[in-house]
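*Asks:* Okay, handing you the structure first.
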Amino acid sequence: MVAHDRELLVDGGTRRLAGLTGAEALAAAPGLLRYETALDVLRGRARAHLDLKLRSQDSVHELAAVERAVEALGADRVLVTTGNVHTVQAVRAWARGRHPGLLAALSVGGSVAGRPPAVQLRAVRDQLLPGHLLAESGADAVAANHWLALLTVARLARRRRLPLAVWTVDHDRWLRHWLRPGRAWLVVTNRPARALELRGGAGAGAPDGAPGGAR
């Protein structure tokens with residue numbers, strides 16, 4: 001299934017998507033798109049940003065999803081992002097020697113609410129200064145919350161010559177900022193039509209090598 005949120009409304013309550021079978025997820029949200037259907041829609045038409053939010057033992061399911069996307073679209077038309085260092089490592093190891101064009105980005109950002117104070121502090125530190133995590137993961141790109149990118153991560157990406165994807169940019173002011181040449185390799189937005197308008201029209205195309213430019 002293709003879904004953005006980690007939880008679904010089931011029988012008046014919320015259930016974690018990871019704890020549902022495919023049939024249960026479809027019963028709760030009939031509009032959910034099957035992964036294979038999404039790949040069929042994209043095949044030959046568009047590139048894909050595959051954001052892996054869940055983790056399985058030894059990244060078995062994540063690697064299966066990546067392999068299917070690469071088979072359907074081609075390695076140079078897929079960007080894989082995940083906030084898990086071990087998943088990035090697994091994707092990089094799988095792609096090495098097989099699909100050199102596949103980019104695996106470490107995603108930086110996200111809520112730290114609900115964690116113990118000491119864990120929150122470490123998480124915030126790692127989000128602001130993720131250099132050691134990037135090195136450990138072997139990521140060949142970085143995806144960051146655009147506020148974190150503005151503060152520290154964009155400079156880090158430039159120093160390490162890593163493609164930078166920023167999310168999620170919806171306000172006109174910040175769309176203009178990140179869409180300027182050299183600011184970001186990929187801009188994730190809920191307002192793609194507006195982003196294209198600000199960038200100069202739909203005919204402008206995507207940055208060289210990017211899965212989509214403004215998404």
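Every chain in the structure tokens has a letter given in the order shown (A, B, ...), and although residue numbers restart at 1 in each chain, ligands are simply numbered from 1 in the order shown.
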If you run DSSP on the backbone, which residues of stretch 66-209 of chain A are strand (DSSP E), as a list in words?
*Replies:*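 Answer for stretch 66-209 of chain A, restricted to strand (DSSP E): Val78, Leu79, Val80, Thr81, Thr82, Leu103, Ala104, Ala105, Leu106, Ser107, Val108, Ala141, Val142, Ala143, Ala144, Asn145, Leu164, Ala165, Val166, Trp167, Leu186 and Val187 of chain A.
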*Asks:* For the selection you just gave me, I'd like the residues written to a file as a PDB file, in the first residue's frame, keeping N, CA and C atoms.
*Replies:*
```pdb
ATOM      1  N   VAL A  78      14.633   6.945  -9.505  1.00  0.00           N
ATOM      2  CA  VAL A  78      14.110   6.708  -8.158  1.00  0.00           C
ATOM      3  C   VAL A  78      15.021   7.375  -7.131  1.00  0.00           C
ATOM      4  N   LEU A  79      14.423   8.112  -6.203  1.00  0.00           N
ATOM      5  CA  LEU A  79      15.128   8.619  -5.023  1.00  0.00           C
ATOM      6  C   LEU A  79      14.540   7.921  -3.810  1.00  0.00           C
ATOM      7  N   VAL A  80      15.389   7.255  -3.031  1.00  0.00           N
ATOM      8  CA  VAL A  80      14.959   6.581  -1.810  1.00  0.00           C
ATOM      9  C   VAL A  80      15.342   7.448  -0.619  1.00  0.00           C
ATOM     10  N   THR A  81      14.388   7.715   0.275  1.00  0.00           N
ATOM     11  CA  THR A  81      14.696   8.446   1.501  1.00  0.00           C
ATOM     12  C   THR A  81      14.178   7.672   2.704  1.00  0.00           C
ATOM     13  N   THR A  82      14.910   7.768   3.802  1.00  0.00           N
ATOM     14  CA  THR A  82      14.506   7.152   5.062  1.00  0.00           C
ATOM     15  C   THR A  82      15.267   7.819   6.196  1.00  0.00           C
ATOM     16  N   LEU A 103      19.979   6.702  -5.870  1.00  0.00           N
ATOM     17  CA  LEU A 103      20.340   7.562  -4.747  1.00  0.00           C
ATOM     18  C   LEU A 103      19.561   7.152  -3.504  1.00  0.00           C
ATOM     19  N   ALA A 104      20.276   7.029  -2.383  1.00  0.00           N
ATOM     20  CA  ALA A 104      19.650   6.738  -1.087  1.00  0.00           C
ATOM     21  C   ALA A 104      19.988   7.879  -0.142  1.00  0.00           C
ATOM     22  N   ALA A 105      18.978   8.603   0.295  1.00  0.00           N
ATOM     23  CA  ALA A 105      19.181   9.784   1.130  1.00  0.00           C
ATOM     24  C   ALA A 105      18.776   9.513   2.569  1.00  0.00           C
ATOM     25  N   LEU A 106      19.580  10.023   3.505  1.00  0.00           N
ATOM     26  CA  LEU A 106      19.188  10.011   4.910  1.00  0.00           C
ATOM     27  C   LEU A 106      18.264  11.193   5.145  1.00  0.00           C
ATOM     28  N   SER A 107      17.087  10.936   5.705  1.00  0.00           N
ATOM     29  CA  SER A 107      16.118  11.987   5.991  1.00  0.00           C
ATOM     30  C   SER A 107      16.346  12.531   7.393  1.00  0.00           C
ATOM     31  N   VAL A 108      16.434  13.848   7.510  1.00  0.00           N
ATOM     32  CA  VAL A 108      16.750  14.508   8.772  1.00  0.00           C
ATOM     33  C   VAL A 108      15.584  15.404   9.169  1.00  0.00           C
ATOM     34  N   ALA A 141      22.947  11.206  -0.568  1.00  0.00           N
ATOM     35  CA  ALA A 141      22.105  12.393  -0.654  1.00  0.00           C
ATOM     36  C   ALA A 141      21.536  12.632   0.741  1.00  0.00           C
ATOM     37  N   VAL A 142      20.978  13.823   0.954  1.00  0.00           N
ATOM     38  CA  VAL A 142      20.364  14.123   2.244  1.00  0.00           C
ATOM     39  C   VAL A 142      19.018  14.792   2.001  1.00  0.00           C
ATOM     40  N   ALA A 143      18.010  14.390   2.782  1.00  0.00           N
ATOM     41  CA  ALA A 143      16.674  14.992   2.718  1.00  0.00           C
ATOM     42  C   ALA A 143      16.396  15.600   4.084  1.00  0.00           C
ATOM     43  N   ALA A 144      16.055  16.878   4.129  1.00  0.00           N
ATOM     44  CA  ALA A 144      15.923  17.554   5.417  1.00  0.00           C
ATOM     45  C   ALA A 144      14.674  18.414   5.472  1.00  0.00           C
ATOM     46  N   ASN A 145      14.090  18.490   6.666  1.00  0.00           N
ATOM     47  CA  ASN A 145      13.085  19.505   6.941  1.00  0.00           C
ATOM     48  C   ASN A 145      13.675  20.854   6.530  1.00  0.00           C
ATOM     49  N   LEU A 164      20.745  17.812  -2.064  1.00  0.00           N
ATOM     50  CA  LEU A 164      19.876  18.159  -0.936  1.00  0.00           C
ATOM     51  C   LEU A 164      18.425  18.210  -1.383  1.00  0.00           C
ATOM     52  N   ALA A 165      17.584  17.411  -0.726  1.00  0.00           N
ATOM     53  CA  ALA A 165      16.131  17.501  -0.899  1.00  0.00           C
ATOM     54  C   ALA A 165      15.564  18.168   0.349  1.00  0.00           C
ATOM     55  N   VAL A 166      14.658  19.115   0.186  1.00  0.00           N
ATOM     56  CA  VAL A 166      14.063  19.797   1.338  1.00  0.00           C
ATOM     57  C   VAL A 166      12.561  19.550   1.360  1.00  0.00           C
ATOM     58  N   TRP A 167      12.009  19.362   2.567  1.00  0.00           N
ATOM     59  CA  TRP A 167      10.586  19.106   2.741  1.00  0.00           C
ATOM     60  C   TRP A 167      10.088  19.874   3.960  1.00  0.00           C
ATOM     61  N   LEU A 186      16.143  19.131  -4.852  1.00  0.00           N
ATOM     62  CA  LEU A 186      14.746  18.715  -4.948  1.00  0.00           C
ATOM     63  C   LEU A 186      13.949  19.444  -3.877  1.00  0.00           C
ATOM     64  N   VAL A 187      12.790  19.961  -4.253  1.00  0.00           N
ATOM     65  CA  VAL A 187      11.897  20.631  -3.307  1.00  0.00           C
ATOM     66  C   VAL A 187      10.600  19.831  -3.226  1.00  0.00           C
TER      67      VAL A 187
END
```
*Asks:* Which residues are close to A:Leu54, i.e. within 10 Å by only C-alpha atoms, leaving aside same-chain residues fewer than 5 positions away? Reply as a CSV table (one decimal) with N, CA and C atoms, in the first residue's frame.
*Replies:*
```
chain,number,residue,atom,x,y,z
A,6,ARG,N,1.3,7.3,9.4
A,6,ARG,CA,1.6,6.1,10.1
A,6,ARG,C,0.4,5.4,10.7
A,17,LEU,N,-0.4,1.7,10.9
A,17,LEU,CA,-0.5,1.0,9.6
A,17,LEU,C,0.4,-0.2,9.6
A,18,ALA,N,1.5,-0.2,10.3
A,18,ALA,CA,2.4,-1.3,10.3
A,18,ALA,C,1.8,-2.5,11.0
A,59,SER,N,15.7,-5.0,7.1
A,59,SER,CA,15.2,-4.1,6.0
A,59,SER,C,14.7,-5.0,4.8
A,61,HIS,N,11.6,-5.9,3.8
A,61,HIS,CA,10.5,-5.3,3.1
A,61,HIS,C,10.9,-4.0,2.4
A,62,GLU,N,11.8,-3.2,3.0
A,62,GLU,CA,12.2,-2.0,2.4
A,62,GLU,C,13.0,-2.3,1.1
A,82,THR,N,14.9,7.8,3.8
A,82,THR,CA,14.5,7.2,5.1
A,82,THR,C,15.3,7.8,6.2
A,83,GLY,N,14.6,7.9,7.3
A,83,GLY,CA,15.3,8.4,8.5
A,83,GLY,C,16.1,7.4,9.3
A,84,ASN,N,16.1,6.2,8.8
A,84,ASN,CA,16.8,5.1,9.5
A,84,ASN,C,18.2,4.9,8.9
A,87,THR,N,18.7,1.4,7.4
A,87,THR,CA,18.0,1.1,6.2
A,87,THR,C,18.8,1.8,5.0
```
*Asks:* Atom CA of A:Val66 and atom CA of A:Leu42, how far apart in Å?
*Replies:*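 A separation of 14.4 Å between them.
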*Asks:* Using DSSP assignments from the backbone, pull out every residue in chain A that falls under alpha helix (DSSP H) and give it to me as an MDAnalysis selection string.
*Replies:* chainID A and resid 22:28 35:42 60:73 85:95 117:128 131:137 146:148 154:160 172:179 192:199
*Asks:* Please provide as a ChimeraX atom specification all residues within 12 Å of stretch 173-179 of chain A, with the sequence filter that same-chain residues fewer than 5 positions apart are discarded (counting only C-alpha atoms).
*Replies:* /A:145-147,149-150,154,164-168,184-200,204,206-207,213-215
*Asks:* Keeping only N, CA and C atoms, take the residues you just selected and write them out as a compact mmCIF listing (two decimals), in the first residue's frame.
*Replies:*
```txt
# COMPACT_ATOMS: atom_id res chain seq x y z
N ASN A 145 14.09 18.49 6.67
CA ASN A 145 13.09 19.51 6.94
C ASN A 145 13.67 20.85 6.53
N HIS A 146 12.90 21.67 5.82
CA HIS A 146 13.50 22.86 5.23
C HIS A 146 13.99 23.87 6.26
N TRP A 147 13.41 23.85 7.48
CA TRP A 147 13.93 24.73 8.52
C TRP A 147 15.30 24.27 8.99
N ALA A 149 17.34 22.57 7.17
CA ALA A 149 18.23 22.85 6.05
C ALA A 149 18.68 24.30 6.08
N LEU A 150 17.76 25.20 6.39
CA LEU A 150 18.08 26.62 6.45
C LEU A 150 19.12 26.89 7.53
N ALA A 154 21.83 22.51 4.94
CA ALA A 154 22.19 22.91 3.57
C ALA A 154 23.69 23.14 3.46
N LEU A 164 20.75 17.81 -2.06
CA LEU A 164 19.88 18.16 -0.94
C LEU A 164 18.42 18.21 -1.38
N ALA A 165 17.58 17.41 -0.73
CA ALA A 165 16.13 17.50 -0.90
C ALA A 165 15.56 18.17 0.35
N VAL A 166 14.66 19.11 0.19
CA VAL A 166 14.06 19.80 1.34
C VAL A 166 12.56 19.55 1.36
N TRP A 167 12.01 19.36 2.57
CA TRP A 167 10.59 19.11 2.74
C TRP A 167 10.09 19.87 3.96
N THR A 168 8.81 20.07 4.07
CA THR A 168 7.84 20.21 3.00
C THR A 168 7.61 21.71 2.87
N ALA A 184 18.61 24.01 -3.62
CA ALA A 184 18.21 22.63 -3.32
C ALA A 184 18.13 21.85 -4.63
N TRP A 185 18.43 20.58 -4.52
CA TRP A 185 18.37 19.69 -5.68
C TRP A 185 16.93 19.22 -5.93
N LEU A 186 16.14 19.13 -4.85
CA LEU A 186 14.75 18.72 -4.95
C LEU A 186 13.95 19.44 -3.88
N VAL A 187 12.79 19.96 -4.25
CA VAL A 187 11.90 20.63 -3.31
C VAL A 187 10.60 19.83 -3.23
N VAL A 188 10.28 19.35 -2.03
CA VAL A 188 9.04 18.61 -1.80
C VAL A 188 7.98 19.60 -1.34
N THR A 189 6.84 19.63 -2.01
CA THR A 189 5.79 20.59 -1.69
C THR A 189 4.42 19.97 -1.92
N ASN A 190 3.43 20.48 -1.19
CA ASN A 190 2.04 20.11 -1.44
C ASN A 190 1.41 21.00 -2.50
N ARG A 191 2.20 21.96 -3.03
CA ARG A 191 1.67 22.92 -4.02
C ARG A 191 2.55 22.90 -5.28
N PRO A 192 2.60 21.77 -5.97
CA PRO A 192 3.51 21.68 -7.12
C PRO A 192 3.18 22.67 -8.23
N ALA A 193 1.90 22.93 -8.48
CA ALA A 193 1.54 23.87 -9.54
C ALA A 193 2.07 25.26 -9.21
N ARG A 194 1.92 25.67 -7.96
CA ARG A 194 2.42 26.99 -7.54
C ARG A 194 3.95 27.03 -7.61
N ALA A 195 4.59 25.94 -7.22
CA ALA A 195 6.05 25.89 -7.28
C ALA A 195 6.54 26.05 -8.72
N LEU A 196 5.88 25.36 -9.65
CA LEU A 196 6.26 25.48 -11.05
C LEU A 196 6.02 26.89 -11.57
N GLU A 197 4.93 27.51 -11.12
CA GLU A 197 4.63 28.89 -11.52
C GLU A 197 5.73 29.82 -11.03
N LEU A 198 6.12 29.67 -9.76
CA LEU A 198 7.16 30.52 -9.20
C LEU A 198 8.50 30.29 -9.86
N ARG A 199 8.75 29.08 -10.27
CA ARG A 199 10.03 28.75 -10.89
C ARG A 199 10.10 29.21 -12.34
N GLY A 200 8.95 29.57 -12.89
CA GLY A 200 8.98 30.10 -14.24
C GLY A 200 8.11 29.36 -15.23
N ALA A 204 9.79 24.64 -17.47
CA ALA A 204 11.16 24.78 -16.99
C ALA A 204 11.84 23.44 -16.81
N ALA A 206 12.81 19.68 -14.78
CA ALA A 206 13.43 19.36 -13.50
C ALA A 206 14.93 19.59 -13.57
N PRO A 207 15.58 19.84 -12.40
CA PRO A 207 17.04 19.97 -12.38
C PRO A 207 17.68 18.71 -12.92
N GLY A 213 12.47 17.78 -9.27
CA GLY A 213 12.54 19.22 -9.09
C GLY A 213 11.61 19.67 -7.99
N ALA A 214 10.41 20.14 -8.35
CA ALA A 214 9.40 20.51 -7.37
C ALA A 214 8.37 19.41 -7.31
N ARG A 215 8.12 18.87 -6.08
CA ARG A 215 7.24 17.72 -5.97
C ARG A 215 6.22 17.97 -4.87
```
*Asks:* So what do you get for atom CA of A:Ala28 versus atom CA of A:Leu52, distance-wise?
*Replies:*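 Here the two named atoms are 21.3 Å from each other.
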*Asks:* For the atom pair atom CA of A:Lys53 and atom CA of A:Gly97, what is the interatomic distance in Å to one decimal place?
*Replies:*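 Separating atom CA of A:Lys53 from atom CA of A:Gly97 is a distance of 25.4 Å.
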*Asks:* Could you check which of A:Arg16, A:Arg96, A:Arg160, A:Arg183 is closest to A:Gly131, using only C-alpha atoms?
*Replies:* A:Arg160
*Asks:* Near A:Leu63, counting only C-alpha atoms, which residues have an atom at most 8 Å away, once you skip same-chain residues fewer than 3 positions from it, shown as a list in words?
*Replies:*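 Contacts, with the query itself left out: Ser59, Val60, Val66, Glu67, Ala90, Val91 and Trp94 of chain A.
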*Asks:* Residues within 9 Å of A:Glu36, please, as a PyMOL selection string. Count only C-alpha atoms; anything in the same chain fewer than 4 positions from it doesn't count.
*Replies:* chain A and resi 1+40-41+68-69
*Asks:* I need the chosen residues saved as a JSON list (two decimals), in the first residue's frame, with N, CA and C atoms.
*Replies:*
```
[["chain", "number", "residue", "atom", "x", "y", "z"],
["A", 1, "MET", "N", 0.83, -1.19, 0.00],
["A", 1, "MET", "CA", 0.00, 0.00, 0.00],
["A", 1, "MET", "C", 0.88, 1.25, 0.00],
["A", 40, "ASP", "N", 2.86, 1.22, -11.76],
["A", 40, "ASP", "CA", 2.33, 1.12, -13.13],
["A", 40, "ASP", "C", 1.95, 2.49, -13.66],
["A", 41, "VAL", "N", 1.37, 3.33, -12.80],
["A", 41, "VAL", "CA", 0.97, 4.68, -13.21],
["A", 41, "VAL", "C", 2.21, 5.51, -13.57],
["A", 68, "ARG", "N", 11.43, -3.34, -6.49],
["A", 68, "ARG", "CA", 10.28, -3.25, -7.39],
["A", 68, "ARG", "C", 10.24, -1.90, -8.10],
["A", 69, "ALA", "N", 10.56, -0.83, -7.36],
["A", 69, "ALA", "CA", 10.57, 0.50, -7.96],
["A", 69, "ALA", "C", 11.65, 0.61, -9.03]]
```
*Asks:* Pick the closest to A:Thr37 from A:Val10, A:Val2, A:Ser56, A:Thr152: which is it, counting only C-alpha atoms?
*Replies:* A:Val2
